[in-house]
Structures are given as C-alpha cells and as structure tokens.
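protein01.cif (mmCIF, N, CA, C and O atoms) appears below.
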```cif
data_model
loop_
_atom_site.label_atom_id
_atom_site.label_comp_id
_atom_site.auth_asym_id
_atom_site.auth_seq_id
_atom_site.Cartn_x
_atom_site.Cartn_y
_atom_site.Cartn_z
N MET N 1 14.70 58.43 9.87
CA MET N 1 14.19 57.16 10.32
C MET N 1 12.96 57.35 11.22
O MET N 1 11.97 56.67 11.05
N ILE N 2 13.06 58.26 12.17
CA ILE N 2 11.94 58.51 13.05
C ILE N 2 10.78 59.15 12.29
O ILE N 2 9.62 58.94 12.63
N GLU N 3 11.09 59.94 11.23
CA GLU N 3 10.06 60.55 10.41
C GLU N 3 9.21 59.49 9.72
O GLU N 3 8.00 59.65 9.54
N GLN N 4 9.83 58.40 9.31
CA GLN N 4 9.11 57.31 8.67
C GLN N 4 8.12 56.69 9.64
O GLN N 4 6.98 56.39 9.26
N TYR N 5 8.50 56.49 10.91
CA TYR N 5 7.59 55.94 11.91
C TYR N 5 6.42 56.90 12.17
O TYR N 5 5.27 56.48 12.28
N ILE N 6 6.72 58.17 12.25
CA ILE N 6 5.67 59.17 12.48
C ILE N 6 4.70 59.19 11.30
O ILE N 6 3.48 59.25 11.48
N THR N 7 5.21 59.10 10.09
CA THR N 7 4.37 59.07 8.90
C THR N 7 3.47 57.84 8.91
O THR N 7 2.27 57.92 8.64
N ASN N 8 4.04 56.68 9.23
CA ASN N 8 3.26 55.43 9.28
C ASN N 8 2.18 55.51 10.36
O ASN N 8 1.04 55.08 10.14
N ILE N 9 2.53 56.03 11.51
CA ILE N 9 1.54 56.14 12.60
C ILE N 9 0.43 57.11 12.21
O ILE N 9 -0.76 56.84 12.42
N THR N 10 0.80 58.24 11.61
CA THR N 10 -0.19 59.23 11.19
C THR N 10 -1.14 58.65 10.14
O THR N 10 -2.36 58.81 10.24
N LEU N 11 -0.59 57.97 9.16
CA LEU N 11 -1.43 57.35 8.12
C LEU N 11 -2.33 56.28 8.71
O LEU N 11 -3.50 56.13 8.31
N SER N 12 -1.82 55.51 9.66
CA SER N 12 -2.63 54.48 10.32
C SER N 12 -3.77 55.11 11.10
O SER N 12 -4.91 54.63 11.07
N LEU N 13 -3.50 56.20 11.80
CA LEU N 13 -4.54 56.88 12.56
C LEU N 13 -5.61 57.48 11.64
O LEU N 13 -6.80 57.43 11.94
N ILE N 14 -5.18 58.04 10.52
CA ILE N 14 -6.12 58.58 9.54
C ILE N 14 -7.00 57.45 8.98
O ILE N 14 -8.22 57.59 8.84
N GLY N 15 -6.39 56.31 8.67
CA GLY N 15 -7.14 55.15 8.17
C GLY N 15 -8.13 54.64 9.19
O GLY N 15 -9.29 54.35 8.86
N LEU N 16 -7.73 54.53 10.45
CA LEU N 16 -8.64 54.07 11.51
C LEU N 16 -9.77 55.08 11.74
O LEU N 16 -10.92 54.70 11.97
N GLY N 17 -9.43 56.36 11.69
CA GLY N 17 -10.46 57.40 11.83
C GLY N 17 -11.49 57.33 10.71
O GLY N 17 -12.70 57.44 10.96
N THR N 18 -11.02 57.14 9.50
CA THR N 18 -11.92 57.02 8.35
C THR N 18 -12.80 55.79 8.49
O THR N 18 -14.02 55.85 8.23
N LEU N 19 -12.22 54.68 8.89
CA LEU N 19 -12.99 53.45 9.10
C LEU N 19 -14.05 53.66 10.17
O LEU N 19 -15.20 53.23 10.02
N GLY N 20 -13.68 54.32 11.27
CA GLY N 20 -14.64 54.60 12.34
C GLY N 20 -15.79 55.47 11.85
O GLY N 20 -16.94 55.22 12.19
N LEU N 21 -15.48 56.48 11.05
CA LEU N 21 -16.52 57.35 10.50
C LEU N 21 -17.46 56.58 9.57
O LEU N 21 -18.67 56.80 9.58
N LEU N 22 -16.90 55.68 8.77
CA LEU N 22 -17.73 54.88 7.87
C LEU N 22 -18.66 53.96 8.66
O LEU N 22 -19.84 53.79 8.31
N ILE N 23 -18.14 53.36 9.72
CA ILE N 23 -18.97 52.48 10.56
C ILE N 23 -20.07 53.29 11.24
O ILE N 23 -21.22 52.87 11.28
N LEU N 24 -19.73 54.46 11.75
CA LEU N 24 -20.71 55.32 12.38
C LEU N 24 -21.78 55.77 11.39
O LEU N 24 -22.97 55.75 11.69
N ALA N 25 -21.37 56.15 10.19
CA ALA N 25 -22.32 56.58 9.16
C ALA N 25 -23.24 55.44 8.75
O ALA N 25 -24.45 55.64 8.56
N THR N 26 -22.72 54.24 8.65
CA THR N 26 -23.53 53.09 8.28
C THR N 26 -24.57 52.78 9.35
O THR N 26 -25.74 52.52 9.04
N SER N 27 -24.16 52.81 10.60
CA SER N 27 -25.12 52.52 11.67
C SER N 27 -26.18 53.61 11.77
O SER N 27 -27.36 53.33 12.00
N LEU N 28 -25.79 54.85 11.57
CA LEU N 28 -26.75 55.95 11.58
C LEU N 28 -27.73 55.81 10.41
O LEU N 28 -28.94 56.00 10.58
N TYR N 29 -27.24 55.44 9.24
CA TYR N 29 -28.09 55.25 8.07
C TYR N 29 -29.11 54.14 8.33
O TYR N 29 -30.29 54.28 7.98
N ARG N 30 -28.68 53.06 8.96
CA ARG N 30 -29.60 51.95 9.25
C ARG N 30 -30.70 52.36 10.22
O ARG N 30 -31.80 51.83 10.17
N LYS N 31 -30.40 53.28 11.12
CA LYS N 31 -31.41 53.72 12.07
C LYS N 31 -32.35 54.76 11.47
O LYS N 31 -33.53 54.79 11.79
N VAL N 32 -31.84 55.60 10.62
CA VAL N 32 -32.64 56.68 10.06
C VAL N 32 -33.48 56.21 8.86
O VAL N 32 -34.58 56.72 8.64
N LYS N 33 -33.02 55.25 8.11
CA LYS N 33 -33.71 54.81 6.89
C LYS N 33 -35.15 54.36 7.16
O LYS N 33 -36.06 54.80 6.45
N PRO N 34 -35.43 53.49 8.16
CA PRO N 34 -36.83 53.09 8.39
C PRO N 34 -37.73 54.26 8.76
O PRO N 34 -38.89 54.31 8.35
N ILE N 35 -37.20 55.24 9.50
CA ILE N 35 -37.99 56.40 9.88
C ILE N 35 -38.34 57.21 8.63
O ILE N 35 -39.48 57.62 8.44
N TYR N 36 -37.37 57.40 7.77
CA TYR N 36 -37.60 58.15 6.53
C TYR N 36 -38.60 57.42 5.64
O TYR N 36 -39.52 58.04 5.10
N GLU N 37 -38.42 56.11 5.50
CA GLU N 37 -39.32 55.35 4.64
C GLU N 37 -40.74 55.34 5.17
O GLU N 37 -41.69 55.41 4.41
N ALA N 38 -40.91 55.26 6.48
CA ALA N 38 -42.26 55.28 7.07
C ALA N 38 -42.91 56.64 6.82
O ALA N 38 -44.09 56.71 6.46
N ARG N 39 -42.15 57.70 6.99
CA ARG N 39 -42.69 59.04 6.76
C ARG N 39 -43.07 59.20 5.29
O ARG N 39 -44.12 59.72 4.96
N PHE N 40 -42.21 58.73 4.39
CA PHE N 40 -42.49 58.83 2.97
C PHE N 40 -43.74 58.02 2.62
O PHE N 40 -44.56 58.46 1.84
N SER N 41 -43.87 56.85 3.23
CA SER N 41 -45.02 55.99 2.96
C SER N 41 -46.32 56.67 3.40
O SER N 41 -47.32 56.61 2.70
N ILE N 42 -46.30 57.33 4.56
CA ILE N 42 -47.49 58.01 5.05
C ILE N 42 -47.85 59.18 4.12
O ILE N 42 -49.01 59.35 3.74
N GLU N 43 -46.85 59.95 3.73
CA GLU N 43 -47.10 61.06 2.81
C GLU N 43 -47.63 60.55 1.47
O GLU N 43 -48.54 61.13 0.88
N GLN N 44 -47.05 59.44 1.01
CA GLN N 44 -47.47 58.86 -0.26
C GLN N 44 -48.92 58.37 -0.16
O GLN N 44 -49.72 58.58 -1.06
N ARG N 45 -49.26 57.72 0.94
CA ARG N 45 -50.61 57.21 1.13
C ARG N 45 -51.62 58.37 1.18
O ARG N 45 -52.71 58.28 0.61
N ASN N 46 -51.24 59.45 1.85
CA ASN N 46 -52.12 60.63 1.88
C ASN N 46 -52.30 61.20 0.48
O ASN N 46 -53.41 61.59 0.11
N ARG N 47 -51.22 61.25 -0.28
CA ARG N 47 -51.30 61.76 -1.65
C ARG N 47 -52.20 60.87 -2.50
O ARG N 47 -53.02 61.37 -3.27
N ILE N 48 -52.08 59.56 -2.34
CA ILE N 48 -52.93 58.63 -3.10
C ILE N 48 -54.39 58.83 -2.72
O ILE N 48 -55.27 58.81 -3.59
N GLY N 49 -54.68 59.04 -1.43
CA GLY N 49 -56.05 59.30 -1.00
C GLY N 49 -56.62 60.55 -1.63
O GLY N 49 -57.77 60.58 -2.07
N GLN N 50 -55.81 61.61 -1.69
CA GLN N 50 -56.26 62.85 -2.32
C GLN N 50 -56.51 62.65 -3.81
O GLN N 50 -57.50 63.14 -4.36
N LEU N 51 -55.60 61.91 -4.46
CA LEU N 51 -55.78 61.64 -5.88
C LEU N 51 -57.02 60.79 -6.14
O LEU N 51 -57.71 60.98 -7.15
N ALA N 52 -57.30 59.85 -5.24
CA ALA N 52 -58.49 59.00 -5.39
C ALA N 52 -59.75 59.85 -5.28
O ALA N 52 -60.71 59.63 -6.04
N GLN N 53 -59.76 60.80 -4.37
CA GLN N 53 -60.92 61.69 -4.26
C GLN N 53 -61.07 62.54 -5.52
O GLN N 53 -62.18 62.73 -6.01
N ASP N 54 -59.95 63.01 -6.05
CA ASP N 54 -59.99 63.76 -7.31
C ASP N 54 -60.52 62.89 -8.44
O ASP N 54 -61.32 63.33 -9.26
N ALA N 55 -60.04 61.64 -8.48
CA ALA N 55 -60.48 60.72 -9.53
C ALA N 55 -61.98 60.47 -9.44
O ALA N 55 -62.69 60.48 -10.45
N TYR N 56 -62.47 60.27 -8.22
CA TYR N 56 -63.90 60.01 -8.06
C TYR N 56 -64.72 61.23 -8.46
O TYR N 56 -65.74 61.11 -9.14
N ALA N 57 -64.27 62.41 -8.04
CA ALA N 57 -64.99 63.63 -8.42
C ALA N 57 -65.00 63.80 -9.93
O ALA N 57 -66.03 64.19 -10.51
N TRP N 58 -63.89 63.50 -10.57
CA TRP N 58 -63.80 63.64 -12.02
C TRP N 58 -64.76 62.69 -12.74
O TRP N 58 -65.46 63.09 -13.67
N VAL N 59 -64.81 61.42 -12.30
CA VAL N 59 -65.71 60.48 -12.98
C VAL N 59 -67.17 60.76 -12.65
O VAL N 59 -68.05 60.48 -13.46
N GLU N 60 -67.44 61.30 -11.47
CA GLU N 60 -68.82 61.66 -11.15
C GLU N 60 -69.33 62.71 -12.12
O GLU N 60 -70.49 62.70 -12.51
N ARG N 61 -68.46 63.63 -12.48
CA ARG N 61 -68.86 64.69 -13.40
C ARG N 61 -68.93 64.19 -14.85
O ARG N 61 -69.84 64.52 -15.59
N ASN N 62 -67.97 63.36 -15.25
CA ASN N 62 -67.86 62.96 -16.66
C ASN N 62 -68.56 61.65 -17.01
O ASN N 62 -68.83 61.40 -18.18
N TYR N 63 -68.80 60.79 -16.03
CA TYR N 63 -69.40 59.49 -16.31
C TYR N 63 -70.58 59.22 -15.38
O TYR N 63 -70.74 58.12 -14.87
N ALA N 64 -71.42 60.19 -15.14
CA ALA N 64 -72.55 60.03 -14.23
C ALA N 64 -73.46 58.90 -14.71
O ALA N 64 -73.81 58.83 -15.89
N GLY N 65 -73.79 58.02 -13.80
CA GLY N 65 -74.70 56.92 -14.11
C GLY N 65 -74.09 55.80 -14.92
O GLY N 65 -74.80 54.94 -15.43
N ALA N 66 -72.78 55.76 -15.06
CA ALA N 66 -72.14 54.75 -15.91
C ALA N 66 -71.80 53.47 -15.16
O ALA N 66 -71.29 52.53 -15.76
N GLY N 67 -72.01 53.41 -13.86
CA GLY N 67 -71.80 52.18 -13.10
C GLY N 67 -70.35 51.71 -13.06
O GLY N 67 -69.46 52.43 -12.64
N ALA N 68 -70.14 50.48 -13.52
CA ALA N 68 -68.81 49.86 -13.46
C ALA N 68 -67.80 50.64 -14.32
O ALA N 68 -66.62 50.71 -13.97
N LYS N 69 -68.26 51.19 -15.42
CA LYS N 69 -67.35 51.97 -16.28
C LYS N 69 -66.79 53.16 -15.50
O LYS N 69 -65.62 53.50 -15.64
N LYS N 70 -67.62 53.75 -14.66
CA LYS N 70 -67.19 54.88 -13.85
C LYS N 70 -66.05 54.46 -12.91
O LYS N 70 -65.06 55.16 -12.78
N PHE N 71 -66.20 53.31 -12.29
CA PHE N 71 -65.17 52.80 -11.37
C PHE N 71 -63.87 52.56 -12.13
O PHE N 71 -62.80 52.96 -11.69
N HIS N 72 -63.95 51.92 -13.30
CA HIS N 72 -62.75 51.63 -14.08
C HIS N 72 -62.07 52.91 -14.59
O HIS N 72 -60.84 52.97 -14.65
N GLU N 73 -62.86 53.89 -14.93
CA GLU N 73 -62.29 55.17 -15.36
C GLU N 73 -61.58 55.87 -14.19
O GLU N 73 -60.54 56.49 -14.38
N ALA N 74 -62.15 55.76 -13.00
CA ALA N 74 -61.51 56.35 -11.82
C ALA N 74 -60.20 55.65 -11.52
O ALA N 74 -59.19 56.30 -11.19
N VAL N 75 -60.18 54.33 -11.66
CA VAL N 75 -58.95 53.56 -11.45
C VAL N 75 -57.89 53.99 -12.48
O VAL N 75 -56.72 54.21 -12.14
N LYS N 76 -58.32 54.13 -13.73
CA LYS N 76 -57.39 54.55 -14.78
C LYS N 76 -56.84 55.95 -14.50
O LYS N 76 -55.64 56.20 -14.62
N TYR N 77 -57.72 56.86 -14.10
CA TYR N 77 -57.33 58.24 -13.79
C TYR N 77 -56.29 58.24 -12.67
O TYR N 77 -55.25 58.90 -12.77
N LEU N 78 -56.55 57.50 -11.59
CA LEU N 78 -55.64 57.46 -10.45
C LEU N 78 -54.31 56.83 -10.83
O LEU N 78 -53.25 57.33 -10.43
N THR N 79 -54.32 55.79 -11.62
CA THR N 79 -53.09 55.14 -12.05
C THR N 79 -52.22 56.10 -12.87
O THR N 79 -51.01 56.19 -12.67
N VAL N 80 -52.85 56.81 -13.79
CA VAL N 80 -52.11 57.77 -14.63
C VAL N 80 -51.53 58.89 -13.79
O VAL N 80 -50.35 59.24 -13.92
N LYS N 81 -52.34 59.48 -12.90
CA LYS N 81 -51.87 60.59 -12.08
C LYS N 81 -50.74 60.15 -11.15
O LYS N 81 -49.76 60.87 -10.97
N ALA N 82 -50.87 58.97 -10.54
CA ALA N 82 -49.81 58.47 -9.66
C ALA N 82 -48.53 58.24 -10.45
O ALA N 82 -47.44 58.57 -9.99
N GLY N 83 -48.66 57.72 -11.66
CA GLY N 83 -47.50 57.50 -12.52
C GLY N 83 -46.80 58.80 -12.87
O GLY N 83 -45.58 58.88 -12.91
N GLN N 84 -47.59 59.84 -13.12
CA GLN N 84 -47.01 61.14 -13.44
C GLN N 84 -46.23 61.72 -12.26
O GLN N 84 -45.27 62.45 -12.44
N LEU N 85 -46.66 61.38 -11.05
CA LEU N 85 -45.98 61.86 -9.84
C LEU N 85 -44.85 60.95 -9.40
O LEU N 85 -44.18 61.22 -8.41
N GLY N 86 -44.67 59.84 -10.11
CA GLY N 86 -43.60 58.92 -9.78
C GLY N 86 -43.95 57.98 -8.63
O GLY N 86 -43.07 57.40 -8.01
N ILE N 87 -45.23 57.83 -8.34
CA ILE N 87 -45.68 56.94 -7.27
C ILE N 87 -45.97 55.57 -7.86
O ILE N 87 -46.79 55.45 -8.77
N VAL N 88 -45.30 54.57 -7.35
CA VAL N 88 -45.55 53.20 -7.79
C VAL N 88 -46.60 52.61 -6.85
O VAL N 88 -46.42 52.59 -5.64
N ILE N 89 -47.69 52.14 -7.42
CA ILE N 89 -48.79 51.63 -6.61
C ILE N 89 -49.38 50.40 -7.29
O ILE N 89 -49.51 50.35 -8.51
N LYS N 90 -49.73 49.41 -6.48
CA LYS N 90 -50.32 48.17 -7.00
C LYS N 90 -51.77 48.43 -7.41
O LYS N 90 -52.43 49.32 -6.85
N SER N 91 -52.26 47.63 -8.33
CA SER N 91 -53.63 47.82 -8.82
C SER N 91 -54.65 47.62 -7.71
O SER N 91 -55.68 48.29 -7.68
N GLU N 92 -54.37 46.70 -6.77
CA GLU N 92 -55.30 46.47 -5.66
C GLU N 92 -55.40 47.71 -4.78
O GLU N 92 -56.48 48.06 -4.29
N GLU N 93 -54.27 48.39 -4.57
CA GLU N 93 -54.28 49.60 -3.76
C GLU N 93 -55.01 50.74 -4.46
O GLU N 93 -55.68 51.54 -3.82
N VAL N 94 -54.88 50.79 -5.78
CA VAL N 94 -55.61 51.80 -6.55
C VAL N 94 -57.10 51.58 -6.41
O VAL N 94 -57.86 52.51 -6.11
N GLU N 95 -57.54 50.33 -6.57
CA GLU N 95 -58.96 50.02 -6.47
C GLU N 95 -59.48 50.30 -5.06
O GLU N 95 -60.58 50.83 -4.89
N ALA N 96 -58.68 49.98 -4.04
CA ALA N 96 -59.09 50.23 -2.67
C ALA N 96 -59.21 51.73 -2.40
O ALA N 96 -60.14 52.17 -1.71
N ALA N 97 -58.29 52.51 -2.93
CA ALA N 97 -58.34 53.97 -2.74
C ALA N 97 -59.57 54.56 -3.40
O ALA N 97 -60.24 55.44 -2.83
N VAL N 98 -59.89 54.09 -4.60
CA VAL N 98 -61.08 54.59 -5.30
C VAL N 98 -62.34 54.17 -4.55
O VAL N 98 -63.28 54.96 -4.37
N GLN N 99 -62.38 52.93 -4.06
CA GLN N 99 -63.52 52.46 -3.28
C GLN N 99 -63.70 53.29 -2.02
O GLN N 99 -64.82 53.68 -1.67
N LYS N 100 -62.61 53.61 -1.35
CA LYS N 100 -62.68 54.43 -0.14
C LYS N 100 -63.20 55.82 -0.47
O LYS N 100 -64.02 56.38 0.27
N ALA N 101 -62.73 56.39 -1.56
CA ALA N 101 -63.21 57.72 -1.98
C ALA N 101 -64.71 57.66 -2.27
O ALA N 101 -65.45 58.58 -1.90
N TRP N 102 -65.16 56.58 -2.90
CA TRP N 102 -66.59 56.42 -3.19
C TRP N 102 -67.39 56.37 -1.89
O TRP N 102 -68.43 57.02 -1.77
N GLU N 103 -66.88 55.62 -0.92
CA GLU N 103 -67.58 55.49 0.36
C GLU N 103 -67.60 56.81 1.12
O GLU N 103 -68.56 57.11 1.82
N GLU N 104 -66.55 57.62 1.00
CA GLU N 104 -66.53 58.91 1.66
C GLU N 104 -67.51 59.89 1.00
O GLU N 104 -68.12 60.71 1.68
N PHE N 105 -67.68 59.81 -0.31
CA PHE N 105 -68.62 60.68 -1.01
C PHE N 105 -70.06 60.22 -0.82
O PHE N 105 -70.97 61.01 -0.92
N ASN N 106 -70.26 58.93 -0.59
CA ASN N 106 -71.59 58.35 -0.45
C ASN N 106 -71.68 57.61 0.88
O ASN N 106 -71.76 56.37 0.90
N PRO N 107 -71.70 58.30 2.01
CA PRO N 107 -71.64 57.61 3.30
C PRO N 107 -72.86 56.73 3.57
O PRO N 107 -72.77 55.75 4.29
N GLY N 108 -74.00 57.03 2.97
CA GLY N 108 -75.20 56.24 3.20
C GLY N 108 -75.27 54.98 2.34
O GLY N 108 -76.08 54.10 2.58
N LYS N 109 -74.44 54.90 1.33
CA LYS N 109 -74.46 53.76 0.40
C LYS N 109 -73.19 52.97 0.55
O LYS N 109 -72.16 53.29 -0.03
N ILE N 110 -73.19 51.90 1.30
CA ILE N 110 -72.02 51.06 1.45
C ILE N 110 -72.26 49.81 0.60
O ILE N 110 -73.23 49.08 0.81
N LYS N 111 -71.38 49.62 -0.38
CA LYS N 111 -71.48 48.45 -1.24
C LYS N 111 -71.04 47.22 -0.48
O LYS N 111 -70.07 47.24 0.26
N SER N 112 -71.75 46.14 -0.68
CA SER N 112 -71.31 44.87 -0.11
C SER N 112 -70.99 43.92 -1.25
O SER N 112 -71.59 43.98 -2.30
N ALA N 113 -70.04 43.07 -1.01
CA ALA N 113 -69.56 42.17 -2.07
C ALA N 113 -70.54 41.12 -2.44
O ALA N 113 -71.40 40.69 -1.81
#
```

Take the structure in the file and write it out as structure tokens.
Amino acid sequence: MIEQYITNITLSLIGLGTLGLLILATSLYRKVKPIYEARFSIEQRNRIGQLAQDAYAWVERNYAGAGAKKFHEAVKYLTVKAGQLGIVIKSEEVEAAVQKAWEEFNPGKIKSA
C-alpha cells in the first residue's frame, strides 16, 4: 500500500520535473532565437553584398558598355547564385545590392533617379 503512494509521488515528481524543463527550454528558445536570427541575417546580408560585387565584376567583363542590359544580367546572376546557396531574397534587395556594388566600383559616378 505504501509502495503505491511512493510510486505515485515519484511519477508526479518526474512529471513536474519534465514540465519544468520544457518551460525552461521554451523560455530559453524564445530568448536565443532573435539573437540567432539577427546574426544569421547579418551574415546573409554580407554574403549578398559579396555576391553582388561578384555579379558586377562578372557583367563588367562580359557585358561592357551594355547599359541597362548589364544591370539586368547582374541582377539575374545574383538571383541565381543566391538561390544556389539557399538564400531567399526579394527582387528589390537584389537590385539594391547590385546598385550598391556599382556605386562602390564607380565612386565618382553616382546615378540619380
């Protein structure tokens, strides 16, 4: 009879301990997730910037003097490379990255809208 009470108490304590661990893990996850996502976002943005510079260098060599076609080819190159790396990026961000790479390569020539 007393063994049954001890078993019930032990199982209850194990259940409460498990519940406490789950609550602790959930709260820790909620605190760590934004830090991880921010770090990933910064790394991803740096990677996109590097790819945009690569894209601009590639079109400068292959499409010299092509004007708007050169810009569109750079956008296409960056979109394909980002897709191969599993980076999801909006078209506006791709265009902005290519524009920034162009401005870094041509500091004296700033395009105005």

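Remark: for Ala52 in chain N, the closest of the candidate residues N:Ser27, N:Gln84, N:Val94, N:Ile9 is N:Val94 (distances computed over only N, CA, C and O atoms).
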
Looking only at alpha helix (DSSP H) from DSSP on the backbone, list the matching residues of chain N as a PyMOL selection string. chain N and resi 2-62+68-84+91-105

Return the single residue from N:Ala101, N:Ala74, N:Ala96, N:Leu13 that is closest to Val59 in chain N, with distances computed using all atoms listed in the file.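 Counting all atoms listed in the file, the residue closest to Val59 in chain N is N:Ala74.
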
What is the CA of Phe71 in chain N-atom O of Trp58 in chain N distance in Å, reported with one decimal? 10.5 Å

Might you spell out which residues the PyMOL selection byres (((chain N and resi 50 and name CA) around 12) and name CA) would select in the displayed file, as a list of chain:residue names? N:Glu43, N:Gln44, N:Arg45, N:Asn46, N:Arg47, N:Ile48, N:Gly49, N:Leu51, N:Ala52, N:Gln53, N:Asp54, N:Ala55, N:Tyr56, N:Ala57, N:Leu78, N:Lys81, N:Ala82, N:Val94, N:Ala97, N:Val98, N:Lys100, N:Ala101, N:Glu104

One-decimal distance in Å that lies between CA of Val75 in chain N and CA of Trp102 in chain N: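 Result for CA of Trp102 in chain N versus CA of Val75 in chain N: 11.6 Å, one decimal.
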